[in-house]
Structures are given as C-alpha cells and as structure tokens.
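*Asks:* Would you mind keeping the following structure in view while I ask a few things?
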Amino acid sequence: MLAPSQNPGEWIDGFLFVANSPILDFLNTKPVLAGGPTELLPDVHALEKWLIASGIVTSARTKALLRSWRHSAAAAAFLKELIAFRERLREAVLRIESGSVPADDFLKEVNARLLQYPLHTSLRKRDGKVIREISFEPRRPADFWAPIIDAASDILSETDISRIRKCESCVLHFFDTSKKGSRRWCSMNICGNKLKVAAYQRRKRNR
C-alpha cells in the first residue's frame, strides 16, 4: 500500500511520476492505495489529465482537442483498449524483470501498432546542434497510440534490462537511473523511508 509522499513533485494532478520512464509511469496508473488497487484512469477526462501531466500533450491546440473528446464514444473506446493494453504490458514488464522476455503475441501486437500509428520525426538545427524532433498532431483519439506504443517499444528493447525493476515494497515499476544501479524502491519518500524504519526497528528488537 502506498503512503502519501511528502514530495509534491512525485504526484502531478493526481498521478504518480516516479519511474524515470513515461511508459512505466503509465503502467503505474493502477497503484495500490489505502483502499486497495486504484484505477487512476477511470474515464476519458482522467486520461486527458494524465496525458498533459506526463508531458505527452503540451500544445494548446491538442489540449483543446482532448477537452472536446471528453464525452466522445471514440475516446471511451480508445481508453478501454488502452487499459487492456496496459495490463498486457504489465505482464511483459514482469517477464523482463524476472529475466525472461515478453511473449511473442505481445511483441506482434506492439509491432502491428507501431506500423499503424507511427510517430513522425525530423532533424533540425538548434543552437549549433542537430536535434531530433517528434511531430505529433492527433486528429482522433486512437492517434494517441503513437506516443504510447513508441514508448512501449523503447522500454521493451531497453539494452540494460536489469535496471527495469518493481519496487520491493509496492506494485510500482521504475527504471533505475542511479549511478550505482542500486535503487530498490519506487521512491524514498513513498516506500524507502518506510522500509528503512522497519529494518531499524527489527535491528533494535534483536539487540
């Protein structure tokens, strides 16, 4: 069960961002809170807020488009498919964390969506450097598969899979970017301090 974090930066508009990976933050939209497993994406409006909080949506035009879809049947259908995909992704990530590889059927699904919903990129010069820019202009709710499936393919093909981990104390996943690669918890504020206190109390009792 997750205790409230004292770091407001870990919660943005009601969503947790502790994974160092947008797709793992998406996976973490069903945490275990005080009342048990909690769906943070219960409706299209919640998905709209998550897309903005995650930084996937930044332009005023796309934000307005999202607002216009709040009561759209197409958006509701997309959300239903997305939630089902999230749980299949969870299974794939758990397999990676256990030292295995995702199922062939899941990889076929990801490949099919990558072909159907490609992200368009281009190279531009900025401040004397060449940068890669992503061009994403959705016209319908299903177009949001593009950034989601692209992020999923990134994590599935991550070369250092040993840094994709599940918190030792809760259901959240994260990508360990620490220098030593020794991160064990989703967050020191959420789970780390709790486990350290428990370990200290055990040592104290055993003296």
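Labels for the structure tokens follow display order: chains A, B, ..., residues from 1 in each chain, ligands from 1.
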Range 51-64 of chain A: which residues within 10 Å, counting only C-alpha atoms, same-chain residues fewer than 2 positions away excluded, as a list in words?

*Replies:*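 The neighbour list is Trp11, Ile12, Asp13, Gly14, Phe15, Leu16, Phe17, Ser21, Pro22, Ile23, Asp25, Phe26, His45, Ala46, Leu47, Glu48, Lys49, Leu66, Arg67, Ser68, Trp69, Phe136, Glu137, Pro138, Arg139, Phe144, Pro147 and Ile148 of chain A.
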
*Asks:* Could you pull the residues within 12 Å of Thr38 in chain A, counting only C-alpha atoms, minus those fewer than 4 positions along the same chain, as a list of chain:residue names?

*Replies:* A:Met1, A:Leu2, A:Gly14, A:Phe15, A:Asn28, A:Thr29, A:Lys30, A:Pro31, A:Val32, A:Leu33, A:Ala34, A:Pro42, A:Val171

*Asks:* Here is a test: counting only C-alpha atoms, which residue of A:Ala84, A:Met188, A:Ile131, A:Ile96 is nearest to Ser162 in chain A?

*Replies:*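 Once distances to Ser162 in chain A are computed over only C-alpha atoms, the minimum belongs to A:Ile96.
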
*Asks:* Residues within 12 Å of Ala77 in chain A, please, as a list of chain:residue names. Count only C-alpha atoms; anything in the same chain fewer than 6 positions from it doesn't count.

*Replies:* A:Asp43, A:Val44, A:Trp69, A:Arg70, A:His71, A:Ile83, A:Ala84, A:Arg140, A:Pro141, A:Ala142

*Asks:* Provide the CA of Leu41 in chain A to CA of Ala19 in chain A distance in Å, to one decimal place.

*Replies:* 17.4 Å

*Asks:* Please report, as a ChimeraX atom specification, each residue of range 78-201 of chain A to which DSSP assigns strand (DSSP E or B) when run on this structure's backbone.

*Replies:* /A:120-126,129-135,164-166,173-175

*Asks:* From the list A:Arg88, A:His120, A:Lys166, A:Lys129, which residue is nearest Asp104 in chain A when using only C-alpha atoms?

*Replies:*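 Closest to Asp104 in chain A of all the choices is A:Arg88.
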
*Asks:* Which value, in Å to one decimal, gives the distance between CA of Leu89 in chain A and CA of Asn111 in chain A?

*Replies:* 13.3 Å
